[in-house]
$ cat final-v8.csv   # CSV, C-alpha atoms and all ligand atoms
chain,number,residue,atom,x,y,z
A,287,MET,CA,-9.7,0.9,-24.7
A,288,ARG,CA,-6.0,1.8,-24.8
A,289,LYS,CA,-4.0,1.8,-21.6
A,290,THR,CA,-0.7,3.7,-21.4
A,291,THR,CA,1.4,3.4,-18.2
A,292,THR,CA,4.0,6.1,-17.4
A,293,LYS,CA,5.8,7.5,-14.4
A,294,LEU,CA,5.5,10.9,-12.7
A,295,ALA,CA,8.6,12.8,-11.7
A,296,ASP,CA,8.7,11.3,-8.2
A,297,GLY,CA,8.4,7.7,-9.5
A,298,ARG,CA,4.6,7.3,-9.0
A,299,GLU,CA,2.7,5.5,-11.7
A,300,LEU,CA,0.3,7.4,-14.0
A,301,ILE,CA,-2.0,5.5,-16.3
A,302,TYR,CA,-4.0,6.9,-19.1
A,303,PHE,CA,-7.1,5.1,-20.3
A,304,ASP,CA,-8.3,6.2,-23.7
A,305,ARG,CA,-11.3,5.3,-25.8
A,306,ASP,CA,-9.3,6.0,-28.9
A,307,ASP,CA,-7.2,2.9,-29.5
A,308,ALA,CA,-4.7,5.0,-31.4
A,309,ALA,CA,-4.1,7.5,-28.5
A,310,PHE,CA,-0.4,8.2,-28.0
A,311,ARG,CA,0.8,9.4,-24.7
A,312,ASP,CA,4.4,10.5,-24.1
A,313,GLU,CA,4.2,13.9,-22.3
A,314,PRO,CA,6.9,13.9,-19.6
A,315,ASP,CA,6.2,15.3,-16.0
A,316,ARG,CA,8.3,18.4,-15.9
A,317,ARG,CA,7.9,19.2,-12.2
A,318,PRO,CA,10.8,19.0,-9.8
A,319,LEU,CA,9.1,16.5,-7.4
A,320,GLU,CA,10.9,14.7,-4.6
A,321,PRO,CA,9.7,11.3,-3.6
A,322,VAL,CA,7.5,11.2,-0.5
A,323,ALA,CA,8.3,8.7,2.3
A,324,ASN,CA,5.2,6.7,3.0
A,325,LEU,CA,4.9,6.3,6.7
A,326,SER,CA,1.9,4.3,7.5
A,327,GLU,CA,0.9,1.3,9.6
A,328,VAL,CA,-2.3,-0.6,10.3
A,329,ARG,CA,-3.2,-1.5,13.8
A,330,ARG,CA,-5.8,-3.9,15.0
A,331,ASP,CA,-8.2,-2.7,17.7
A,332,PRO,CA,-8.2,-5.6,20.2
A,333,ALA,CA,-11.7,-4.7,21.5
A,334,THR,CA,-13.4,-4.9,18.1
A,335,GLY,CA,-11.0,-6.7,15.8
A,336,ASP,CA,-11.2,-3.7,13.3
A,337,TRP,CA,-8.1,-2.6,11.5
A,338,VAL,CA,-7.2,1.1,11.7
A,339,THR,CA,-4.8,2.8,9.4
A,340,VAL,CA,-2.4,5.3,11.0
A,341,ALA,CA,-0.8,7.5,8.3
A,342,ALA,CA,1.2,10.2,10.0
A,343,HIS,CA,2.6,11.8,6.8
A,344,ARG,CA,-0.7,13.0,5.3
A,345,GLN,CA,-1.0,16.4,7.0
A,346,GLY,CA,0.8,18.3,4.2
A,347,ARG,CA,-1.7,17.4,1.4
A,348,ILE,CA,-3.3,19.9,-0.8
A,349,TYR,CA,-6.5,21.4,0.6
A,350,HIS,CA,-9.1,23.2,-1.6
A,351,PRO,CA,-6.6,24.7,-4.2
A,352,PRO,CA,-7.9,27.5,-6.4
A,353,THR,CA,-9.3,26.3,-9.7
A,354,ASP,CA,-6.2,27.4,-11.7
A,355,GLN,CA,-4.0,25.3,-9.5
A,356,CYS,CA,-6.1,22.1,-9.7
A,357,PRO,CA,-3.8,19.1,-9.7
A,358,LEU,CA,-6.3,17.0,-11.6
A,359,CYS,CA,-6.8,19.3,-14.6
A,360,PRO,CA,-4.6,18.7,-17.7
A,361,SER,CA,-1.3,20.5,-17.6
A,362,THR,CA,-0.8,23.8,-19.4
A,363,ASN,CA,2.3,25.9,-20.0
A,364,ASP,CA,1.3,28.0,-16.9
A,365,HIS,CA,0.3,25.2,-14.7
A,366,LEU,CA,1.9,21.8,-14.3
A,367,SER,CA,-0.5,19.4,-12.7
A,368,GLU,CA,-0.5,15.6,-11.8
A,369,ILE,CA,-1.5,15.0,-15.5
A,370,PRO,CA,1.2,16.1,-17.9
A,371,ALA,CA,-1.0,15.6,-20.9
A,372,ALA,CA,-3.0,18.6,-22.5
A,373,ASP,CA,-6.2,16.5,-22.4
A,374,TYR,CA,-7.3,13.0,-21.3
A,375,ASP,CA,-10.2,10.6,-21.2
A,376,VAL,CA,-9.6,8.9,-17.8
A,377,ALA,CA,-6.4,9.1,-15.9
A,378,VAL,CA,-5.3,7.2,-12.8
A,379,PHE,CA,-2.3,7.9,-10.7
A,380,GLU,CA,-0.9,6.9,-7.3
A,381,ASN,CA,-1.8,9.3,-4.6
A,382,ARG,CA,1.1,11.5,-3.6
A,383,PHE,CA,0.0,11.3,0.0
A,384,PRO,CA,-1.4,7.8,0.3
A,385,SER,CA,-2.8,6.2,3.4
A,386,LEU,CA,-1.4,2.9,2.2
A,387,ALA,CA,1.6,2.2,-0.1
A,388,THR,CA,3.5,-0.7,-1.5
A,389,ASP,CA,6.7,0.7,0.2
A,390,ALA,CA,5.0,1.7,3.5
A,391,ALA,CA,7.1,1.7,6.6
A,392,PRO,CA,5.9,2.7,10.1
A,393,ALA,CA,7.0,6.2,11.1
A,394,PRO,CA,9.6,6.4,13.8
A,395,GLY,CA,7.7,6.3,17.1
A,396,LEU,CA,4.8,4.5,15.4
A,397,ALA,CA,6.5,1.2,15.0
A,398,HIS,CA,5.6,-1.1,17.8
A,399,PRO,CA,8.3,-3.4,19.1
A,400,ALA,CA,6.0,-6.4,18.4
A,401,ALA,CA,5.8,-5.5,14.7
A,402,PRO,CA,8.9,-6.2,12.6
A,403,GLN,CA,9.0,-3.5,10.0
A,404,HIS,CA,8.5,-5.7,6.9
A,405,GLU,CA,6.4,-8.4,8.4
A,406,VAL,CA,3.2,-8.5,6.4
A,407,SER,CA,1.9,-12.0,6.9
A,408,ARG,CA,1.4,-12.2,10.6
A,409,ALA,CA,-2.1,-13.3,11.5
A,410,PRO,CA,-3.5,-13.5,15.0
A,411,GLY,CA,-2.7,-16.9,16.4
A,412,ASP,CA,0.0,-17.7,13.9
A,413,PRO,CA,2.4,-19.8,15.9
A,414,GLU,CA,5.3,-18.9,13.5
A,415,HIS,CA,5.0,-15.4,14.6
A,416,PRO,CA,4.3,-15.0,18.3
A,417,HIS,CA,3.3,-11.5,19.2
A,418,ASP,CA,1.6,-9.4,21.7
A,419,PRO,CA,-2.1,-9.8,20.8
A,420,PHE,CA,-3.1,-6.5,22.2
A,421,HIS,CA,-0.7,-4.4,20.1
A,422,LEU,CA,-0.9,-6.0,16.6
A,423,ALA,CA,0.5,-3.7,13.9
A,424,ARG,CA,1.8,-4.1,10.4
A,425,PRO,CA,3.2,-1.7,7.8
A,426,GLY,CA,0.4,0.0,5.9
A,427,VAL,CA,1.1,-2.0,2.7
A,428,GLY,CA,-1.3,-1.4,-0.1
A,429,ARG,CA,-2.0,1.3,-2.6
A,430,CYS,CA,-4.1,4.4,-3.0
A,431,GLU,CA,-5.0,5.7,-6.5
A,432,VAL,CA,-6.8,8.7,-7.7
A,433,VAL,CA,-9.2,8.2,-10.7
A,434,CYS,CA,-9.8,11.3,-12.8
A,435,PHE,CA,-13.2,10.7,-14.5
A,436,THR,CA,-12.8,13.6,-17.0
A,437,ALA,CA,-10.5,16.4,-17.9
A,438,ASP,CA,-13.5,18.8,-17.5
A,439,HIS,CA,-13.0,20.5,-14.1
A,440,ASP,CA,-16.6,21.7,-13.9
A,441,ALA,CA,-18.3,18.5,-14.8
A,442,SER,CA,-19.5,15.7,-12.5
A,443,PHE,CA,-19.9,12.0,-13.0
A,444,ALA,CA,-23.6,12.5,-13.8
A,445,ASP,CA,-22.6,14.7,-16.7
A,446,LEU,CA,-20.6,12.0,-18.4
A,447,ASP,CA,-22.0,10.3,-21.5
A,448,GLU,CA,-22.6,6.5,-21.4
A,449,SER,CA,-19.4,5.7,-23.3
A,450,LYS,CA,-17.3,7.7,-20.8
A,451,ALA,CA,-19.1,6.1,-17.9
A,452,ARG,CA,-18.4,2.7,-19.5
A,453,LEU,CA,-14.7,3.6,-19.7
A,454,VAL,CA,-14.7,4.4,-16.0
A,455,LEU,CA,-16.3,1.0,-15.3
A,456,ASP,CA,-13.6,-0.6,-17.4
A,457,VAL,CA,-10.9,1.4,-15.5
A,458,TRP,CA,-12.3,0.3,-12.1
A,459,THR,CA,-12.2,-3.3,-13.4
A,460,ASP,CA,-8.7,-3.0,-14.6
A,461,ARG,CA,-7.5,-1.6,-11.3
A,462,THR,CA,-9.4,-4.2,-9.3
A,463,ALA,CA,-7.6,-6.9,-11.3
A,464,ALA,CA,-4.2,-5.2,-11.0
A,465,LEU,CA,-4.3,-4.1,-7.4
A,466,SER,CA,-5.7,-7.4,-6.0
A,467,ARG,CA,-2.5,-9.1,-7.4
A,468,LEU,CA,-0.2,-6.9,-5.3
A,469,PRO,CA,1.6,-8.7,-2.5
A,470,GLY,CA,-0.2,-8.1,0.8
A,471,VAL,CA,-3.4,-6.7,-0.7
A,472,ASP,CA,-6.6,-8.3,0.6
A,473,GLN,CA,-9.5,-6.1,-0.7
A,474,VAL,CA,-9.8,-3.5,-3.4
A,475,PHE,CA,-12.3,-0.6,-2.8
A,476,CYS,CA,-13.3,1.7,-5.6
A,477,PHE,CA,-15.3,4.8,-4.5
A,478,GLU,CA,-16.3,8.3,-5.1
A,479,ASN,CA,-16.8,11.1,-2.6
A,480,ARG,CA,-18.7,13.9,-4.1
A,481,GLY,CA,-19.2,17.4,-2.6
A,482,ALA,CA,-17.5,19.6,0.0
A,483,GLU,CA,-20.1,18.4,2.6
A,484,ILE,CA,-18.6,14.9,2.3
A,485,GLY,CA,-15.1,16.4,2.9
A,486,VAL,CA,-13.9,16.4,-0.7
A,487,THR,CA,-10.8,18.5,-0.9
A,488,LEU,CA,-10.6,18.8,-4.7
A,489,ALA,CA,-13.6,19.9,-6.7
A,490,HIS,CA,-12.4,18.2,-10.0
A,491,PRO,CA,-14.6,15.1,-10.7
A,492,HIS,CA,-12.6,12.1,-9.4
A,493,GLY,CA,-12.8,9.0,-7.3
A,494,GLN,CA,-10.3,6.9,-5.4
A,495,ILE,CA,-9.2,3.3,-5.1
A,496,TYR,CA,-7.8,1.8,-1.9
A,497,ALA,CA,-6.1,-1.5,-1.9
A,498,PHE,CA,-6.3,-2.6,1.7
A,499,PRO,CA,-4.0,-5.1,3.4
A,500,PHE,CA,-7.0,-6.3,5.4
A,501,THR,CA,-10.7,-7.0,5.1
A,502,THR,CA,-12.6,-3.8,5.9
A,503,PRO,CA,-14.9,-3.9,9.0
A,504,ARG,CA,-18.1,-3.5,7.0
A,505,THR,CA,-17.2,-6.4,4.8
A,506,VAL,CA,-16.2,-8.5,7.8
A,507,LYS,CA,-19.8,-8.0,9.2
A,508,MET,CA,-21.3,-8.9,5.8
A,509,ILE,CA,-19.3,-12.1,5.5
A,510,ALA,CA,-20.4,-13.1,9.1
A,511,ALA,CA,-24.0,-12.4,8.2
A,512,ALA,CA,-23.7,-14.4,5.0
A,513,ALA,CA,-22.1,-17.3,6.8
A,514,ASP,CA,-24.9,-17.3,9.4
A,515,HIS,CA,-27.5,-17.3,6.6
A,516,ARG,CA,-25.7,-20.1,4.8
A,517,ALA,CA,-25.6,-22.2,8.0
A,518,ARG,CA,-29.3,-21.7,8.6
A,519,THR,CA,-30.7,-22.0,5.1
A,520,GLY,CA,-28.0,-23.4,2.9
A,521,ARG,CA,-28.5,-20.4,0.6
A,522,ASN,CA,-26.6,-17.2,-0.3
A,523,LEU,CA,-27.6,-14.1,1.7
A,524,PHE,CA,-27.2,-11.6,-1.0
A,525,GLU,CA,-29.1,-13.6,-3.6
A,526,ASP,CA,-32.0,-14.0,-1.2
A,527,VAL,CA,-32.0,-10.3,-0.3
A,528,LEU,CA,-32.1,-9.3,-3.9
A,529,ALA,CA,-34.8,-11.8,-4.7
A,530,ALA,CA,-37.0,-10.6,-1.8
A,531,GLU,CA,-36.6,-6.9,-2.8
A,532,ARG,CA,-37.5,-7.7,-6.5
A,533,ALA,CA,-40.5,-9.8,-5.4
A,534,ASP,CA,-42.0,-7.0,-3.4
A,535,PRO,CA,-40.7,-3.9,-5.2
A,536,VAL,CA,-41.9,-1.2,-2.8
A,537,ARG,CA,-38.2,-0.1,-2.3
A,538,VAL,CA,-37.0,-0.8,-5.9
A,539,VAL,CA,-35.9,2.4,-7.5
A,540,LEU,CA,-35.1,1.1,-11.0
A,541,SER,CA,-34.2,-2.1,-12.7
A,542,GLY,CA,-32.9,-3.4,-16.0
A,543,GLU,CA,-32.3,-6.7,-17.5
A,544,HIS,CA,-29.1,-7.3,-15.5
A,545,TRP,CA,-29.2,-4.9,-12.5
A,546,THR,CA,-31.6,-3.8,-9.9
A,547,ALA,CA,-31.3,-0.7,-7.6
A,548,PHE,CA,-33.3,-0.6,-4.3
A,549,VAL,CA,-33.3,1.3,-1.1
A,550,PRO,CA,-32.3,-1.3,1.6
A,551,PHE,CA,-35.0,-2.2,4.1
A,552,ALA,CA,-32.9,-0.9,7.0
A,553,ALA,CA,-31.3,2.1,5.2
A,554,ARG,CA,-28.9,4.0,7.4
A,555,TRP,CA,-28.8,7.2,5.3
A,556,PRO,CA,-31.6,9.6,4.3
A,557,TYR,CA,-31.3,8.5,0.6
A,558,GLU,CA,-29.4,5.2,0.1
A,559,VAL,CA,-29.5,2.9,-2.9
A,560,HIS,CA,-27.9,-0.5,-3.4
A,561,LEU,CA,-27.3,-1.5,-7.0
A,562,TYR,CA,-26.8,-5.3,-7.6
A,563,PRO,CA,-26.2,-7.3,-10.7
A,564,HIS,CA,-28.9,-10.1,-10.9
A,565,ARG,CA,-26.1,-12.7,-11.3
A,566,ARG,CA,-24.0,-12.9,-8.2
A,567,VAL,CA,-20.3,-12.2,-8.9
A,568,ALA,CA,-17.4,-11.6,-6.5
A,569,ASP,CA,-16.1,-8.5,-8.0
A,570,LEU,CA,-16.0,-6.2,-11.1
A,571,THR,CA,-13.7,-8.6,-13.0
A,572,GLU,CA,-16.4,-11.2,-13.1
A,573,LEU,CA,-19.1,-9.1,-14.8
A,574,SER,CA,-20.2,-10.2,-18.3
A,575,GLU,CA,-20.2,-8.0,-21.3
A,576,ALA,CA,-24.0,-7.7,-21.2
A,577,GLU,CA,-23.8,-6.6,-17.5
A,578,ARG,CA,-21.1,-4.1,-18.3
A,579,ALA,CA,-23.1,-2.7,-21.2
A,580,GLU,CA,-26.2,-2.0,-19.1
A,581,PHE,CA,-24.4,-0.5,-16.1
A,582,PRO,CA,-23.6,3.0,-17.4
A,583,GLY,CA,-27.2,3.9,-18.3
A,584,LEU,CA,-28.6,2.8,-15.0
A,585,TYR,CA,-25.9,4.3,-12.9
A,586,LEU,CA,-26.1,7.7,-14.7
A,587,GLN,CA,-29.9,7.6,-14.1
A,588,LEU,CA,-29.3,7.1,-10.4
A,589,LEU,CA,-26.8,9.9,-10.1
A,590,ARG,CA,-29.0,12.3,-12.0
A,591,ARG,CA,-32.0,11.4,-9.8
A,592,PHE,CA,-29.8,12.1,-6.7
A,593,ASP,CA,-29.1,15.6,-8.1
A,594,ARG,CA,-32.9,16.2,-8.6
A,595,LEU,CA,-33.9,15.0,-5.1
A,596,PHE,CA,-34.0,18.3,-3.4
A,597,GLY,CA,-35.1,20.6,-6.3
A,598,GLU,CA,-33.4,23.1,-8.5
A,599,GLY,CA,-30.9,25.7,-7.7
A,600,LEU,CA,-29.1,24.0,-4.8
A,601,PRO,CA,-25.5,22.9,-4.6
A,602,PRO,CA,-25.2,19.4,-6.1
A,603,THR,CA,-26.2,16.6,-3.9
A,604,PRO,CA,-23.2,15.4,-1.9
A,605,TYR,CA,-22.9,11.6,-2.1
A,606,ILE,CA,-20.6,8.6,-1.5
A,607,ALA,CA,-20.6,5.8,-4.1
A,608,ALA,CA,-18.9,2.7,-2.7
A,609,TRP,CA,-18.2,-0.6,-4.6
A,610,HIS,CA,-18.3,-3.6,-2.3
A,611,GLN,CA,-16.1,-6.4,-3.7
A,612,ALA,CA,-15.1,-9.7,-2.2
A,613,PRO,CA,-11.8,-9.8,-0.4
A,614,ARG,CA,-9.2,-12.3,-1.4
A,615,ARG,CA,-9.5,-14.2,1.8
A,616,GLY,CA,-12.9,-15.6,3.0
A,617,GLY,CA,-15.1,-13.6,0.6
A,618,ALA,CA,-16.7,-16.5,-1.3
A,619,GLU,CA,-20.3,-15.5,-0.2
A,620,LEU,CA,-19.9,-11.8,-0.8
A,621,ALA,CA,-21.8,-10.3,-3.8
A,622,LEU,CA,-20.5,-7.4,-5.8
A,623,HIS,CA,-22.7,-4.4,-5.4
A,624,LEU,CA,-22.6,-0.6,-5.3
A,625,GLU,CA,-23.9,1.4,-2.4
A,626,LEU,CA,-24.8,5.0,-3.2
A,627,PHE,CA,-25.9,7.4,-0.5
A,628,THR,CA,-26.2,11.0,0.5
A,629,ILE,CA,-25.8,12.6,3.8
A,630,ARG,CA,-28.2,15.4,2.9
A,631,ARG,CA,-31.6,14.8,4.5
A,632,THR,CA,-33.5,17.9,3.3
A,633,VAL,CA,-32.7,21.3,1.9
A,634,GLY,CA,-30.0,22.9,3.9
A,635,LYS,CA,-29.8,20.0,6.4
A,636,LEU,CA,-27.1,17.3,6.6
A,637,LYS,CA,-27.1,14.1,8.5
A,638,PHE,CA,-24.3,14.4,10.9
A,639,LEU,CA,-22.8,11.3,12.5
A,640,ALA,CA,-23.3,12.3,16.1
A,641,GLY,CA,-23.4,10.4,19.4
A,642,VAL,CA,-25.5,7.3,18.5
A,643,GLU,CA,-23.9,6.8,15.1
A,644,SER,CA,-20.2,7.8,15.8
A,645,GLY,CA,-20.3,6.6,19.3
A,646,MET,CA,-22.1,3.3,18.9
A,647,ASP,CA,-22.5,2.6,15.1
A,648,ALA,CA,-26.3,2.7,15.7
A,649,PHE,CA,-27.9,4.7,13.0
A,650,VAL,CA,-31.1,6.8,13.3
A,651,ASN,CA,-32.6,7.6,9.9
A,652,ASP,CA,-35.1,10.4,9.6
A,653,VAL,CA,-36.4,9.3,6.2
A,654,SER,CA,-38.3,6.1,5.8
A,655,PRO,CA,-36.7,3.8,3.2
A,656,GLU,CA,-40.1,3.3,1.5
A,657,ALA,CA,-40.6,7.1,1.2
A,658,ALA,CA,-37.0,7.5,-0.1
A,659,ALA,CA,-37.6,4.9,-2.8
A,660,GLN,CA,-40.9,6.6,-3.8
A,661,ARG,CA,-39.1,10.0,-4.0
A,662,LEU,CA,-36.3,8.4,-6.1
A,663,ARG,CA,-38.9,7.0,-8.5
A,664,GLU,CA,-40.7,10.4,-8.7
A,665,VAL,CA,-37.6,12.3,-9.8
A,666,ALA,CA,-37.0,9.9,-12.7
A,667,GLN,CA,-37.5,12.9,-15.1
B,701,ZN,ZN,-9.5,20.5,-12.3

$ encode --input "final-v8.csv" --output "structure tokens"
Amino acid sequence: MRKTTTKLADGRELIYFDRDDAAFRDEPDRRPLEPVANLSEVRRDPATGDWVTVAAHRQGRIYHPPTDQCPLCPSTNDHLSEIPAADYDVAVFENRFPSLATDAAPAPGLAHPAAPQHEVSRAPGDPEHPHDPFHLARPGVGRCEVVCFTADHDASFADLDESKARLVLDVWTDRTAALSRLPGVDQVFCFENRGAEIGVTLAHPHGQIYAFPFTTPRTVKMIAAAADHRARTGRNLFEDVLAAERADPVRVVLSGEHWTAFVPFAARWPYEVHLYPHRRVADLTELSEAERAEFPGLYLQLLRRFDRLFGEGLPPTPYIAAWHQAPRRGGAELALHLELFTIRRTVGKLKFLAGVESGMDAFVNDVSPEAAAQRLREVAQ
């Protein structure tokens, strides 16, 4: 893999990742782009402890552009996109309208008096930094990147070949290592939203990476559950869950030598699969070569099965693919895994997050996890 780091016209980083070690990249960004001020802060909800990002500058972002104006396609003489090159393998760039940024500052009117603008290390209860515990806020320091999986506008991740999917895995790994070293970053989240039903505003196959300045709420819950399990049994929660699912494989969808994918016992979504490496690791950077080599084949199979779930001739299955990685602080028990799920429950019907889910975080799933696993095995071919 060859990695070439360049800058876009407004100073944002653009990184090409090429399978060809001889690839040469020096195309300049010819657009007249002004730098965007990143006005963002994170606020802690005193009732739940959850951090919420308030990014008041994002309303101007591009929304469903026509195909010939796609910002993720390679540039041509007629259309200058975010990628100056005429072609690429995988390209990563800093989001022009990020929710989190290394130079983030609260917007005027957002900044709370209790939050000095460049104070990033205040923790609740820190005696060095007394503050109002009900109005904790910090600048939204972090980074948001866009990962273009392919130059082919009409493809999807499931259309990639194994060597390209492997390149994407290596890119996620590279970005996890780089972003987790940024000052103030606590957790790196690589994900893909696929399909207009999920709220994707650009059709071009791409994912995103968020480098958060806090541990995300779902990870906080997992860490608490793992700590409880450790206290009661002396064992790791994720290792025990994986072992239990593999021992009674009614919910196992597929497995290889190094990875197993199963529908979780208490799945929240109509079709939801968790893919774990058999060896517990904290994040993508700790995967072995053998684990990396096996991942693309299994993951592509899962995505292709998702596209076959509801039969032929439908719009592609909308899905979210979310990498769970250990945060820097307090994540020793967390196990790297991928959670893949769709909000489509049957042909023409989506699972909406209504009162019980959005109001109370209490999910009602209309598809039994065992039936979902059975279906995901049936559509193997
Ligand atoms: Zn495109």

$ closest_residue --input "final-v8.csv" --among "A:Gln494, A:Ser326, A:Thr290, A:Gln355" --to "ligand ZN 701 (chain B)" --atoms "all atoms listed in the file"
A:Gln355

$ closest_residue --input "final-v8.csv" --among "A:Asp296, A:Glu572, A:Asp336, A:Asp438" --to "Leu319 (chain A)" --atoms "all atoms listed in the file"
A:Asp296

$ residues_near_ligand --input "final-v8.csv" --ligand "ligand ZN 701 (chain B)" --cutoff "9 Å" --atoms "all atoms listed in the file" --output "list in words"
Thr353, Asp354, Gln355, Cys356, Pro357, Leu358, Cys359, Pro360, Thr436, Ala437, Asp438, His439, Asp440, Leu488, Ala489, His490 and Pro491 of chain A

$ residues_around --input "final-v8.csv" --residues "Val328 (chain A)" --least-positions-apart "6" --cutoff "10 Å" --atoms "all atoms listed in the file" --output "PDB file with C-alpha atoms, in the frame of the given file"
ATOM      1  CA  ASP A 336     -11.200  -3.700  13.300  1.00  0.00           C
ATOM      2  CA  TRP A 337      -8.100  -2.600  11.500  1.00  0.00           C
ATOM      3  CA  VAL A 338      -7.200   1.100  11.700  1.00  0.00           C
ATOM      4  CA  THR A 339      -4.800   2.800   9.400  1.00  0.00           C
ATOM      5  CA  VAL A 340      -2.400   5.300  11.000  1.00  0.00           C
ATOM      6  CA  ALA A 341      -0.800   7.500   8.300  1.00  0.00           C
ATOM      7  CA  SER A 385      -2.800   6.200   3.400  1.00  0.00           C
ATOM      8  CA  LEU A 386      -1.400   2.900   2.200  1.00  0.00           C
ATOM      9  CA  PRO A 392       5.900   2.700  10.100  1.00  0.00           C
ATOM     10  CA  LEU A 422      -0.900  -6.000  16.600  1.00  0.00           C
ATOM     11  CA  ALA A 423       0.500  -3.700  13.900  1.00  0.00           C
ATOM     12  CA  ARG A 424       1.800  -4.100  10.400  1.00  0.00           C
ATOM     13  CA  PRO A 425       3.200  -1.700   7.800  1.00  0.00           C
ATOM     14  CA  GLY A 426       0.400   0.000   5.900  1.00  0.00           C
ATOM     15  CA  VAL A 427       1.100  -2.000   2.700  1.00  0.00           C
ATOM     16  CA  PHE A 498      -6.300  -2.600   1.700  1.00  0.00           C
ATOM     17  CA  PRO A 499      -4.000  -5.100   3.400  1.00  0.00           C
ATOM     18  CA  PHE A 500      -7.000  -6.300   5.400  1.00  0.00           C
TER      19      PHE A 500
END

$ residues_around --input "final-v8.csv" --residues "Ala658 (chain A)" --least-positions-apart "6" --cutoff "12 Å" --atoms "only C-alpha atoms" --output "list in words"
Val536, Arg537, Val538, Val539, Phe548, Val549, Pro550, Phe551, Ala552, Ala553, Arg554, Trp555, Pro556, Tyr557, Glu558, Val559, Arg591, Phe592, Leu595, Phe596, Phe627, Thr628, Arg631, Thr632, Asn651, Asp652, Glu664 and Val665 of chain A

$ residues_around --input "final-v8.csv" --residues "region 512-528 of chain A" --least-positions-apart "2" --cutoff "8 Å" --atoms "all atoms listed in the file" --output "list in words"
Met508, Ile509, Ala510, Ala530, Glu531, Arg532, Tyr562, His564, Arg566, Glu619, Leu620 and Ala621 of chain A

$ write_last_selection --input "final-v8.csv" --atoms "C-alpha atoms" --output "compact mmCIF listing (two decimals), in the coordinates of the input"
# COMPACT_ATOMS: atom_id res chain seq x y z
CA MET A 508 -21.30 -8.90 5.80
CA ILE A 509 -19.30 -12.10 5.50
CA ALA A 510 -20.40 -13.10 9.10
CA ALA A 530 -37.00 -10.60 -1.80
CA GLU A 531 -36.60 -6.90 -2.80
CA ARG A 532 -37.50 -7.70 -6.50
CA TYR A 562 -26.80 -5.30 -7.60
CA HIS A 564 -28.90 -10.10 -10.90
CA ARG A 566 -24.00 -12.90 -8.20
CA GLU A 619 -20.30 -15.50 -0.20
CA LEU A 620 -19.90 -11.80 -0.80
CA ALA A 621 -21.80 -10.30 -3.80

$ atom_distance --input "final-v8.csv" --atom1 "CA of Gly335 (chain A)" --atom2 "CA of Pro469 (chain A)"
22.3 Å

$ closest_residue --input "final-v8.csv" --among "A:Thr571, A:Thr462, A:Ser449, A:Asn324" --to "Thr388 (chain A)" --atoms "only C-alpha atoms"
A:Asn324

$ residues_around --input "final-v8.csv" --residues "region 332-334 of chain A" --least-positions-apart "5" --cutoff "8 Å" --atoms "only C-alpha atoms" --output "list in words"
Pro419, Phe420 and His421 of chain A

$ residues_near_point --input "final-v8.csv" --point "(-29.6, 2.3, -9.7)" --cutoff "12 Å" --atoms "only C-alpha atoms" --output "ChimeraX atom specification"
/A:537-542,544-549,558-563,580-592,607,623-627,659,662-663,666

$ closest_residue --input "final-v8.csv" --among "A:Asp569, A:Asp375, A:Glu368, A:Asp312" --to "Arg452 (chain A)" --atoms "all atoms listed in the file"
A:Asp375

$ atom_distance --input "final-v8.csv" --atom1 "CA of Pro613 (chain A)" --atom2 "CA of Ala464 (chain A)"
13.8 Å

$ closest_residue --input "final-v8.csv" --among "A:Asp373, A:Gly597, A:Val378, A:Asp306" --to "Leu294 (chain A)" --atoms "only C-alpha atoms"
A:Val378

$ atom_distance --input "final-v8.csv" --atom1 "CA of Thr487 (chain A)" --atom2 "CA of Cys434 (chain A)"
13.9 Å

$ closest_residue --input "final-v8.csv" --among "A:Ser361, A:Glu448, A:Val322, A:Pro351" --to "Asp389 (chain A)" --atoms "all atoms listed in the file"
A:Val322

$ residues_around --input "final-v8.csv" --residues "Glu483 (chain A)" --least-positions-apart "5" --cutoff "9 Å" --atoms "only C-alpha atoms" --output "ChimeraX atom specification"
/A:604-605,629-630,636
